[in-house]
Amino acid sequence: MPTEPLSQKEIEDRLRELPGWSQEGDRIARTYRLDDHMAAAALVVHVASIQQQLNHHSELTLGYDTVNLTVNSHDAGGAVTARDFDLAARVEAAAPAHGAR
């Protein structure tokens, strides 16, 4: 059963609860800055683990000292859903342990 898309107002309200996250077209997105490449790579592995636990996966890009995530729900036609915000909140809670800002 597909997840229901959130309204634009719901997306805006939920984004206020996640500083650093923004809407980019049909996705929510966040770029984390880290101290170096190994810290960034460790965050990527942690995010991948969270995604596996939730069975919900983002576009995840590793840079030298950055990690970029963009997420939407394919089972909702590429719209933003509550599942996307659940993933974002879990990543947001894990990121400080890696020194992400």
# chains A, B, ... in the order shown; residues from 1 in each chain; ligands from 1
$ select_by_dssp --residues "segment 1-51 of chain A" --states "strand (DSSP E or B)" --output "list in words"
Pro5, Ser22, Gln23, Glu24, Arg27, Ile28, Ala29, Arg30, Thr31, Tyr32 and Arg33 of chain A
$ write_last_selection --atoms "N, CA and C atoms" --output "CSV table (one decimal), in the first residue's frame"
chain,number,residue,atom,x,y,z
A,5,PRO,N,1.1,11.2,0.0
A,5,PRO,CA,1.9,12.4,0.0
A,5,PRO,C,1.5,13.4,1.0
A,22,SER,N,15.7,21.3,3.8
A,22,SER,CA,14.9,22.2,2.9
A,22,SER,C,14.2,21.3,1.9
A,23,GLN,N,13.3,22.0,1.2
A,23,GLN,CA,12.6,21.3,0.1
A,23,GLN,C,13.3,21.7,-1.2
A,24,GLU,N,13.7,20.7,-2.0
A,24,GLU,CA,14.3,20.9,-3.3
A,24,GLU,C,13.4,20.2,-4.3
A,27,ARG,N,11.6,16.8,-3.4
A,27,ARG,CA,12.3,16.1,-2.3
A,27,ARG,C,12.6,17.0,-1.1
A,28,ILE,N,13.0,16.4,0.0
A,28,ILE,CA,13.6,17.1,1.0
A,28,ILE,C,15.1,16.8,1.0
A,29,ALA,N,15.9,17.8,1.5
A,29,ALA,CA,17.4,17.6,1.3
A,29,ALA,C,18.1,18.3,2.4
A,30,ARG,N,19.3,17.7,2.6
A,30,ARG,CA,20.3,18.3,3.6
A,30,ARG,C,21.7,18.0,3.2
A,31,THR,N,22.6,18.9,3.4
A,31,THR,CA,24.0,18.7,3.2
A,31,THR,C,24.7,18.9,4.6
A,32,TYR,N,25.4,17.9,5.0
A,32,TYR,CA,26.2,17.9,6.2
A,32,TYR,C,27.6,18.2,5.9
A,33,ARG,N,28.3,19.0,6.7
A,33,ARG,CA,29.7,19.2,6.6
A,33,ARG,C,30.4,18.5,7.7
$ residues_around --residues "Leu62 of chain A" --least-positions-apart "6" --cutoff "12 Å" --atoms "only C-alpha atoms" --output "number ranges by chain"
A: 31-34, 36-45, 47-48, 68-69
$ write_last_selection --atoms "C-alpha atoms" --output "PDB file, in the first residue's frame"
ATOM      1  CA  THR A  31      23.990  18.701   3.238  1.00  0.00           C
ATOM      2  CA  TYR A  32      26.191  17.912   6.227  1.00  0.00           C
ATOM      3  CA  ARG A  33      29.731  19.249   6.589  1.00  0.00           C
ATOM      4  CA  LEU A  34      32.275  17.155   8.454  1.00  0.00           C
ATOM      5  CA  ASP A  36      37.366  15.236   6.866  1.00  0.00           C
ATOM      6  CA  HIS A  37      36.703  12.462   4.397  1.00  0.00           C
ATOM      7  CA  MET A  38      36.797   9.606   6.931  1.00  0.00           C
ATOM      8  CA  ALA A  39      34.203  11.315   9.141  1.00  0.00           C
ATOM      9  CA  ALA A  40      32.003  11.865   6.087  1.00  0.00           C
ATOM     10  CA  ALA A  41      32.409   8.229   5.014  1.00  0.00           C
ATOM     11  CA  ALA A  42      31.507   7.032   8.521  1.00  0.00           C
ATOM     12  CA  LEU A  43      28.324   9.110   8.415  1.00  0.00           C
ATOM     13  CA  VAL A  44      27.434   7.569   5.038  1.00  0.00           C
ATOM     14  CA  VAL A  45      27.760   4.076   6.510  1.00  0.00           C
ATOM     15  CA  VAL A  47      22.953   6.580   7.198  1.00  0.00           C
ATOM     16  CA  ALA A  48      22.975   3.436   5.045  1.00  0.00           C
ATOM     17  CA  ASN A  68      24.322  15.164   0.824  1.00  0.00           C
ATOM     18  CA  LEU A  69      20.934  13.471   1.167  1.00  0.00           C
TER      19      LEU A  69
END
$ closest_residue --among "A:Val91, A:Ser7, A:Arg16, A:Asp86" --to "Ser49 of chain A" --atoms "only C-alpha atoms"
A:Val91
$ closest_residue --among "A:Ala100, A:Val80, A:Leu87, A:Ala95" --to "Glu10 of chain A" --atoms "only C-alpha atoms"
A:Val80
$ closest_residue --among "A:Lys9, A:His46, A:Arg14, A:His57" --to "Asp75 of chain A" --atoms "only C-alpha atoms"
A:His57
$ residues_around --residues "Leu18 of chain A" --least-positions-apart "2" --cutoff "9 Å" --atoms "only C-alpha atoms" --output "VMD selection string"
chain A and resid 14 to 16 20 to 22 85 88 to 89 92
$ select_by_dssp --residues "chain A" --states "helix (DSSP H, G or I)" --output "ChimeraX atom specification"
/A:8-16,37-54,74-76,82-98
$ atom_distance --atom1 "atom CA of Thr66 of chain A" --atom2 "atom CA of Leu6 of chain A"
28.3 Å
$ closest_residue --among "A:Thr70, A:Gln53, A:Asp35, A:Gly25" --to "Pro96 of chain A" --atoms "only C-alpha atoms"
A:Asp35
$ atom_distance --atom1 "atom CA of Thr3 of chain A" --atom2 "atom CA of Ala79 of chain A"
9.3 Å
$ decode --residues "chain A" --atoms "C-alpha atoms" --output "PDB file, in the first residue's frame"
ATOM      1  CA  MET A   1       0.000   0.000   0.000  1.00  0.00           C
ATOM      2  CA  PRO A   2       1.538   3.337  -1.035  1.00  0.00           C
ATOM      3  CA  THR A   3       2.267   6.040   1.483  1.00  0.00           C
ATOM      4  CA  GLU A   4       0.179   9.200   1.185  1.00  0.00           C
ATOM      5  CA  PRO A   5       1.915  12.376  -0.038  1.00  0.00           C
ATOM      6  CA  LEU A   6       2.067  15.285   2.390  1.00  0.00           C
ATOM      7  CA  SER A   7       0.500  18.621   1.509  1.00  0.00           C
ATOM      8  CA  GLN A   8       2.797  21.585   0.893  1.00  0.00           C
ATOM      9  CA  LYS A   9       1.750  23.040   4.269  1.00  0.00           C
ATOM     10  CA  GLU A  10       2.555  19.763   6.049  1.00  0.00           C
ATOM     11  CA  ILE A  11       5.979  19.707   4.380  1.00  0.00           C
ATOM     12  CA  GLU A  12       6.675  23.304   5.414  1.00  0.00           C
ATOM     13  CA  ASP A  13       5.515  22.639   8.988  1.00  0.00           C
ATOM     14  CA  ARG A  14       7.693  19.545   9.306  1.00  0.00           C
ATOM     15  CA  LEU A  15      10.720  21.278   7.805  1.00  0.00           C
ATOM     16  CA  ARG A  16      10.533  23.860  10.604  1.00  0.00           C
ATOM     17  CA  GLU A  17      11.219  20.982  13.005  1.00  0.00           C
ATOM     18  CA  LEU A  18      14.370  19.939  11.085  1.00  0.00           C
ATOM     19  CA  PRO A  19      16.849  22.839  10.905  1.00  0.00           C
ATOM     20  CA  GLY A  20      19.170  22.546   7.935  1.00  0.00           C
ATOM     21  CA  TRP A  21      16.680  20.553   5.852  1.00  0.00           C
ATOM     22  CA  SER A  22      14.920  22.179   2.908  1.00  0.00           C
ATOM     23  CA  GLN A  23      12.627  21.324   0.067  1.00  0.00           C
ATOM     24  CA  GLU A  24      14.256  20.922  -3.342  1.00  0.00           C
ATOM     25  CA  GLY A  25      11.546  20.309  -5.901  1.00  0.00           C
ATOM     26  CA  ASP A  26       9.822  17.038  -5.061  1.00  0.00           C
ATOM     27  CA  ARG A  27      12.345  16.089  -2.334  1.00  0.00           C
ATOM     28  CA  ILE A  28      13.610  17.144   1.046  1.00  0.00           C
ATOM     29  CA  ALA A  29      17.357  17.631   1.284  1.00  0.00           C
ATOM     30  CA  ARG A  30      20.251  18.311   3.639  1.00  0.00           C
ATOM     31  CA  THR A  31      23.990  18.701   3.238  1.00  0.00           C
ATOM     32  CA  TYR A  32      26.191  17.912   6.227  1.00  0.00           C
ATOM     33  CA  ARG A  33      29.731  19.249   6.589  1.00  0.00           C
ATOM     34  CA  LEU A  34      32.275  17.155   8.454  1.00  0.00           C
ATOM     35  CA  ASP A  35      35.901  17.521   9.520  1.00  0.00           C
ATOM     36  CA  ASP A  36      37.366  15.236   6.866  1.00  0.00           C
ATOM     37  CA  HIS A  37      36.703  12.462   4.397  1.00  0.00           C
ATOM     38  CA  MET A  38      36.797   9.606   6.931  1.00  0.00           C
ATOM     39  CA  ALA A  39      34.203  11.315   9.141  1.00  0.00           C
ATOM     40  CA  ALA A  40      32.003  11.865   6.087  1.00  0.00           C
ATOM     41  CA  ALA A  41      32.409   8.229   5.014  1.00  0.00           C
ATOM     42  CA  ALA A  42      31.507   7.032   8.521  1.00  0.00           C
ATOM     43  CA  LEU A  43      28.324   9.110   8.415  1.00  0.00           C
ATOM     44  CA  VAL A  44      27.434   7.569   5.038  1.00  0.00           C
ATOM     45  CA  VAL A  45      27.760   4.076   6.510  1.00  0.00           C
ATOM     46  CA  HIS A  46      25.615   5.073   9.489  1.00  0.00           C
ATOM     47  CA  VAL A  47      22.953   6.580   7.198  1.00  0.00           C
ATOM     48  CA  ALA A  48      22.975   3.436   5.045  1.00  0.00           C
ATOM     49  CA  SER A  49      22.333   1.369   8.175  1.00  0.00           C
ATOM     50  CA  ILE A  50      19.405   3.582   9.173  1.00  0.00           C
ATOM     51  CA  GLN A  51      17.984   3.299   5.654  1.00  0.00           C
ATOM     52  CA  GLN A  52      18.193  -0.487   5.775  1.00  0.00           C
ATOM     53  CA  GLN A  53      16.432  -0.562   9.156  1.00  0.00           C
ATOM     54  CA  LEU A  54      13.620   1.624   7.796  1.00  0.00           C
ATOM     55  CA  ASN A  55      13.594  -0.024   4.355  1.00  0.00           C
ATOM     56  CA  HIS A  56      13.540   3.499   2.961  1.00  0.00           C
ATOM     57  CA  HIS A  57      16.469   4.842   0.969  1.00  0.00           C
ATOM     58  CA  SER A  58      17.610   8.315  -0.015  1.00  0.00           C
ATOM     59  CA  GLU A  59      19.942   9.585  -2.668  1.00  0.00           C
ATOM     60  CA  LEU A  60      23.159   9.749  -0.681  1.00  0.00           C
ATOM     61  CA  THR A  61      26.291  11.477  -1.985  1.00  0.00           C
ATOM     62  CA  LEU A  62      29.716  11.427  -0.365  1.00  0.00           C
ATOM     63  CA  GLY A  63      32.075  14.323  -1.000  1.00  0.00           C
ATOM     64  CA  TYR A  64      35.484  14.975   0.525  1.00  0.00           C
ATOM     65  CA  ASP A  65      34.037  16.472   3.717  1.00  0.00           C
ATOM     66  CA  THR A  66      30.336  16.565   2.882  1.00  0.00           C
ATOM     67  CA  VAL A  67      27.390  14.207   2.825  1.00  0.00           C
ATOM     68  CA  ASN A  68      24.322  15.164   0.824  1.00  0.00           C
ATOM     69  CA  LEU A  69      20.934  13.471   1.167  1.00  0.00           C
ATOM     70  CA  THR A  70      17.817  13.971  -0.904  1.00  0.00           C
ATOM     71  CA  VAL A  71      14.751  11.900  -0.204  1.00  0.00           C
ATOM     72  CA  ASN A  72      11.241  11.318  -1.472  1.00  0.00           C
ATOM     73  CA  SER A  73       8.976   8.289  -1.659  1.00  0.00           C
ATOM     74  CA  HIS A  74       8.886   6.290  -4.882  1.00  0.00           C
ATOM     75  CA  ASP A  75       5.816   4.384  -3.693  1.00  0.00           C
ATOM     76  CA  ALA A  76       3.974   7.739  -3.502  1.00  0.00           C
ATOM     77  CA  GLY A  77       4.844   8.724  -7.057  1.00  0.00           C
ATOM     78  CA  GLY A  78       7.992  10.587  -6.007  1.00  0.00           C
ATOM     79  CA  ALA A  79       6.178  12.824  -3.506  1.00  0.00           C
ATOM     80  CA  VAL A  80       7.322  13.739   0.007  1.00  0.00           C
ATOM     81  CA  THR A  81       5.697  11.621   2.725  1.00  0.00           C
ATOM     82  CA  ALA A  82       5.883  11.092   6.472  1.00  0.00           C
ATOM     83  CA  ARG A  83       8.388   8.263   5.823  1.00  0.00           C
ATOM     84  CA  ASP A  84      10.809  10.804   4.367  1.00  0.00           C
ATOM     85  CA  PHE A  85      10.613  12.896   7.515  1.00  0.00           C
ATOM     86  CA  ASP A  86      11.059   9.815   9.696  1.00  0.00           C
ATOM     87  CA  LEU A  87      14.276   9.045   7.824  1.00  0.00           C
ATOM     88  CA  ALA A  88      15.428  12.673   8.010  1.00  0.00           C
ATOM     89  CA  ALA A  89      14.818  12.801  11.779  1.00  0.00           C
ATOM     90  CA  ARG A  90      16.777   9.577  12.342  1.00  0.00           C
ATOM     91  CA  VAL A  91      19.705  10.876  10.281  1.00  0.00           C
ATOM     92  CA  GLU A  92      19.549  14.231  12.054  1.00  0.00           C
ATOM     93  CA  ALA A  93      19.774  12.452  15.427  1.00  0.00           C
ATOM     94  CA  ALA A  94      22.784  10.361  14.305  1.00  0.00           C
ATOM     95  CA  ALA A  95      24.776  13.084  12.536  1.00  0.00           C
ATOM     96  CA  PRO A  96      26.202  14.913  15.593  1.00  0.00           C
ATOM     97  CA  ALA A  97      28.013  11.761  16.735  1.00  0.00           C
ATOM     98  CA  HIS A  98      30.090  12.075  13.548  1.00  0.00           C
ATOM     99  CA  GLY A  99      30.813  15.762  14.073  1.00  0.00           C
ATOM    100  CA  ALA A 100      28.407  16.742  11.300  1.00  0.00           C
ATOM    101  CA  ARG A 101      27.175  20.294  11.135  1.00  0.00           C
TER     102      ARG A 101
END
